[in-house]
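Scroll down for the structure; my scribbles are underneath it.
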Amino acid sequence: MHIKFLSSVIFTKDFDKMKSFYQNVLLQEVEVDFGNCIGFKNGLSIWRLEDAYPVAQHLGKLYDEAGNKNLELCFESDDFNEAVDKLKSMDIKYLHEVIEERWGQQTIRFYDPEDNLIELGETMPCFVKRFYKQGMTIDEVAERTSVPKAMVEQYINN
């Protein structure tokens with residue numbers, strides 16, 4: 001037997017607002033649009049949760065609580081600073097401003113319109129190259145980031 005992961009789904013009552021946020025703020029491309037359900041090319045889906053749907057009946061009052069407290073959706077960008085500048089020009093609620101994680105990646109965390117936690121971070125090649133350009137050796141970058149030396153060399157040489 002083989003089980004394949006298909007998608008993560010955000011159930012929403014304000015479908016249009018959520019669709020706009022993921023398309024216009026996080027620049028996700030729609031792969032399929034069924035009207036009440038869209039699937040983005042990255043595997044994330046947004047479903048309009050209507051009271052008649054069995055899942056809505058089972059979720060009941062749990063759905064009415066804002067955001068999922070045990071979930072973070074992670075996005076990365078090669079143009080991290082540009083993406084952060086774009087976020088800053090919008091009315092978005094933040095968990096925190098740009099920080100540097102202990103492995104060196106810069107991240108920012110904020111909430112979508114229904115209070116689901118979103119992380120936006122630099123891609124691994126970006127923060128590896130950032131440290132190298134700051135004067136670290138390949139060995140120092142590998143030590144600082146916990147990225148294997150062979151991967152560091154690959155990122156720097158590409």
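As shown in the structure tokens, the chain order sets the letters A, B, ...; within each chain, residues go from 1, and ligands are also counted from 1 in the order they appear.
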
Test item: residues at most 8 Å from segment 96-108 of chain A, only C-alpha atoms, excluding those fewer than 2 positions along its chain, as a PyMOL selection string: chain A and resi 84+94+110+119-124+127+144-146

Atoms kept (C-alpha atoms) for selection, written as a short mmCIF file (atom, residue, chain, number, x, y, z; two decimals), in the first residue's frame:
```cif
data_model
loop_
_atom_site.label_atom_id
_atom_site.label_comp_id
_atom_site.auth_asym_id
_atom_site.auth_seq_id
_atom_site.Cartn_x
_atom_site.Cartn_y
_atom_site.Cartn_z
CA VAL A 84 9.61 41.94 3.76
CA TYR A 94 2.99 40.33 13.08
CA PHE A 110 2.88 37.14 10.75
CA GLU A 119 6.67 32.23 8.42
CA LEU A 120 8.61 33.86 5.62
CA GLY A 121 12.31 33.13 5.53
CA GLU A 122 15.37 33.34 3.35
CA THR A 123 16.05 30.28 1.26
CA MET A 124 18.95 28.13 2.44
CA PHE A 127 21.63 32.72 3.98
CA ARG A 144 27.43 28.37 11.70
CA THR A 145 24.45 27.09 9.70
CA SER A 146 24.62 23.32 10.31
#
```

Between atom CA of Gly35 of chain A and atom CA of Glu114 of chain A, distance in Å (one decimal):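 Interatomic distance here is 19.5 Å.
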
Pairwise distance for atom CA of Ser7 of chain A and atom CA of Asp79 of chain A, rounded to one decimal in Å: 25.4 Å

Segment 26-157 of chain A: residues DSSP assigns to strand (DSSP E or B), reported as number ranges by chain: A: 30-33, 37-40, 44-48, 72-77, 94-100, 106-111, 117-122

Counting only C-alpha atoms, the option among A:Lys93, A:Lys129, A:Lys149, A:Lys41 closest to Asp115 of chain A: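 Comparing A:Lys93, A:Lys129, A:Lys149, A:Lys41 against Asp115 of chain A, the winner is A:Lys93.
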
Distance criterion (only C-alpha atoms): nearest to Phe131 of chain A out of A:Ala83, A:Ala150, A:Gln23, A:Ile156: A:Ile156
